[in-house]
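Structure record follows, encoded as structure tokens.
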Amino acid sequence: MAIGELCLSNGAVRKRSTGQDMFMGKGDRKDSYVRSNSQMQMISNSLFPIFLEAVDAMRLPNPQLGPMTVAEFGSSSGQSSIDNVGAVLRRLKSRYDLEIGPEPEYQVFFQDMPSTDFNSRIKLLNEAILSNEDTEAVDFFAAAVPGPLYGRLFPQSTLHFAFATFAINCLSRIPESVSDRSSPAYNGGQTGLYRSSAATMEAYSAQAKEDLLNFLAARAEEMSDEGVLCLNFRCRDSGISSPYSTAHEVIGDCIWDDFVDKGIISASTRDAFNPLHYWRTVQEVKEVLSNFSSEFHVEKQMQHQVHLPAGGHDVTPSDEAVPVSKSMLLVGRGVSSALLRAHFGREVTSLYLERYEQVLMDRIGNHTLSYYQPITWFVVVLVRKAREYDF
Ligand SMILES: C[S@@+](CC[C@H](N)C(=O)[O-])C[C@H]1O[C@@H](n2cnc3c(N)ncnc32)[C@H](O)[C@@H]1O
């Protein structure tokens with residue numbers, strides 16, 4: 001295969017998660033993640049340097065022993081992952097140049113759900129390769145790896161550097177009990193989690209724990225000795241009862257309640273919708289990590305507050321209400337419109353998104369909603385401990 005060419009590899013998906021497929025907006029339509037993630041890129045710009053420090057600190061594999069493998073889990077089809085992978089490769093290349101001399105070949109795996117628009121990914125990657133006049137560009141072999149990241153996707157000990165940005169807030173599935181009317185965890189009456197009962201939160205917490213355990217167990221197999229795994233995801237500061245609010249959910253519930261009142265949807269249709277995302281607490285993450293002390297050394301674990309945009313204000317200046325609400329709408333669309341369409345149908349989802357933009361604009365304009373609240377992210381850098389071989 002020529003350098004820079006893409007092939008689609010299925011990976012060895014031995015243990016499939018029971019989860020539903022992700023419904024991230026596809027392609028380059030206006031509701032796609034490709035278009036929506038400029039805001040995510042801002043957050044990434046603030047967090048990604050921590051991953052690059054991990055590249056600087058890692059032990060470089062011997063270039064004579066085979067390719068250096070890099071994997072991005074939950075890469076989506078957007079430009080940001082190409083930029084992130086490019087930054088990692090340039091950093092690796094400069095270390096090989098300075099410290100070792102001969103360079104390895106680089107193999108990059110872009111991993112995501114089978115429903116991901118890998119065609120857009122291939123198009124973007126080819127455009128990037130063709131238009132690349134960057135003299136520091138690094139040649140690499142690329143492959144797309146479709147499959148759920150909560151199970152095995154790669155052979156044992158094969159990944160040298162892997163990362164997941166904003167991916168593991170998505171659960172493998174919605175906990176069953178939250179849709180069960182007879183369960184105390186039933187989450188009827190809302191479409192999000194910010195006003196949910198303690199029992200609902202417990203159900204999400206348990207699912208998030210199981211998923212993170214499965215994710216790390218699979219990566220513990222796949223990472224090579226001294227391979228580095230970097231993760232970032234949104235989190236909450238303290239215990240399970242700590243506030244759980246996002247502007248998207250708060251506004252969303254108001255609109256869905258109004259749609260029920262007006263008879264646009266039935267109450268049972270609203271009640272049957274539940275989020276697939278969960279913001280873990282710091283304790284929840286640390287608890288799961290403590291199960292992997294034989295496999296991983298925790299090089300770094302830190303909370304990181306991100307202000308959007310950098311600098312932060314308490315309220316949005318009136319003349320920024322329109323651009324800010326459009327930017328928030330793009331994120332809402334990219335992350336959830338396909339999920340909403342699958343549940344509520346195309347027409348109702350379009351109506352919802354129109355209303356959503358209007359409510360955003362009104363609330364930002366009259367200062368009852370601030371875009372500038374800091375968001376807490378958790379960043380983890382793990383190094384695979386060397387295995388003990390008995391031969
Ligand atoms: C918010 S996007 C982040 C994309 C990209 N990493 C970035 O930084 O912009 C989350 C990605 O994780 C993927 N994802 C979520 N759950 C997944 C799962 N169980 N298996 C594989 N990919 C998953 C989604 O399909 C989506 O592309």
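Please note that chains go A, B, ... in the order of the structure tokens, that every chain numbers its residues from 1, and that ligands are numbered from 1 in the order shown.
Neighbouring residues of ligand 1 at a cut-off of 6 Å, counting only C-alpha atoms and all ligand atoms, are A:Met22, A:Met24, A:Gly74, A:Ser75, A:Ser76, A:Ser80, A:Ser81, A:Asp112, A:Met113, A:Gly147, A:Pro148, A:Leu149, A:Tyr150, A:Ala164, A:Thr165, A:Phe166, A:Ala167, A:Cys170, A:Ser172.
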- Residue neighbourhood range 217-229 of chain A, 10 Å, only C-alpha atoms, exclusion window fewer than 2 positions, as a PyMOL selection string: chain A and resi 15+51+54-55+57-61+69-72+149-164+211-215+231+291-292+294-299+380-388
- Identify all residues of range 85-272 of chain A in alpha helix (DSSP H) (DSSP on the backbone) and supply them as a ChimeraX atom specification. /A:85-95,118-130,198-222,247-261,267-271
- Query: Which value, in Å to one decimal, gives the distance between CA of Arg270 in chain A and CA of Asp258 in chain A?
  - Reply: 10.7 Å
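Those residues that approach Ala321 in chain A to within 6 Å, counting only C-alpha atoms, are A:Ser318, A:Val324, A:Ser325, A:Met361, A:Ile364, A:Gly365; same-chain residues fewer than 3 positions away are not listed.
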Can you write just those residues out, C-alpha atoms, as a compact mmCIF listing (two decimals), in the first residue's frame?
# COMPACT_ATOMS: atom_id res chain seq x y z
CA SER A 318 -25.32 41.44 23.48
CA VAL A 324 -22.46 32.55 20.05
CA SER A 325 -25.89 30.92 19.70
CA MET A 361 -30.51 33.59 21.04
CA ILE A 364 -28.04 34.64 25.61
CA GLY A 365 -29.39 38.06 24.57
- Atom-to-atom span, CA of Ala247 in chain A and CA of Ser196 in chain A, Å: 15.3 Å
- Got a sec: who's within 8 Å of Asp253 in chain A, counting only C-alpha atoms, leaving out chain neighbours fewer than 3 positions off, as a ChimeraX atom specification? /A:190-192,249-250,256-257
- Item | Length of the CA of Ala137 in chain A to CA of Ile122 in chain A vector [Å] | 17.5 Å
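Non-sequential neighbours of Ala206 in chain A (distance at most 12 Å, separation of 4 or more positions within a chain, only C-alpha atoms) are Leu171, Ser172, Arg173, Ile174, Pro175, Glu176, Ser177, Val178, Ala185, Ala199, Thr200, Met201, Glu202, Glu210, Asp211, Leu212, Leu213, Ile240, Tyr278, Arg280, Thr281, Glu284, Val285, Glu287 and Val288 of chain A.
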For C-alpha atoms, I'd like the residues from the last selection saved as an mmCIF file, in the first residue's frame.
data_model
loop_
_atom_site.group_PDB
_atom_site.id
_atom_site.type_symbol
_atom_site.label_atom_id
_atom_site.label_comp_id
_atom_site.auth_asym_id
_atom_site.auth_seq_id
_atom_site.Cartn_x
_atom_site.Cartn_y
_atom_site.Cartn_z
ATOM 1 C CA LEU A 171 -21.747 5.245 26.788
ATOM 2 C CA SER A 172 -21.973 1.878 25.075
ATOM 3 C CA ARG A 173 -25.708 1.882 25.726
ATOM 4 C CA ILE A 174 -28.466 3.619 27.638
ATOM 5 C CA PRO A 175 -28.998 1.762 30.940
ATOM 6 C CA GLU A 176 -32.123 -0.385 30.579
ATOM 7 C CA SER A 177 -33.618 0.564 33.942
ATOM 8 C CA VAL A 178 -34.007 4.226 32.979
ATOM 9 C CA ALA A 185 -34.375 4.581 37.971
ATOM 10 C CA ALA A 199 -31.622 6.268 41.147
ATOM 11 C CA THR A 200 -31.347 7.343 37.504
ATOM 12 C CA MET A 201 -27.920 8.844 38.180
ATOM 13 C CA GLU A 202 -26.862 5.587 39.881
ATOM 14 C CA GLU A 210 -18.687 -0.810 33.335
ATOM 15 C CA ASP A 211 -17.798 0.941 30.071
ATOM 16 C CA LEU A 212 -14.611 2.507 31.397
ATOM 17 C CA LEU A 213 -13.571 -0.840 32.888
ATOM 18 C CA ILE A 240 -22.524 11.661 42.201
ATOM 19 C CA TYR A 278 -22.643 10.878 30.865
ATOM 20 C CA ARG A 280 -18.385 11.023 35.203
ATOM 21 C CA THR A 281 -17.275 12.432 38.528
ATOM 22 C CA GLU A 284 -15.769 7.576 39.572
ATOM 23 C CA VAL A 285 -12.797 7.792 37.217
ATOM 24 C CA GLU A 287 -12.091 4.310 41.310
ATOM 25 C CA VAL A 288 -11.991 2.577 37.925
#
- Message: Please determine, counting only C-alpha atoms, which residue among A:Glu347, A:Tyr186, A:Ser336, A:Gln283 has the shortest atom-to-atom distance to Asp271 in chain A.
- Response: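 Going through A:Glu347, A:Tyr186, A:Ser336, A:Gln283 one by one, the smallest distance to Asp271 in chain A is for A:Tyr186.
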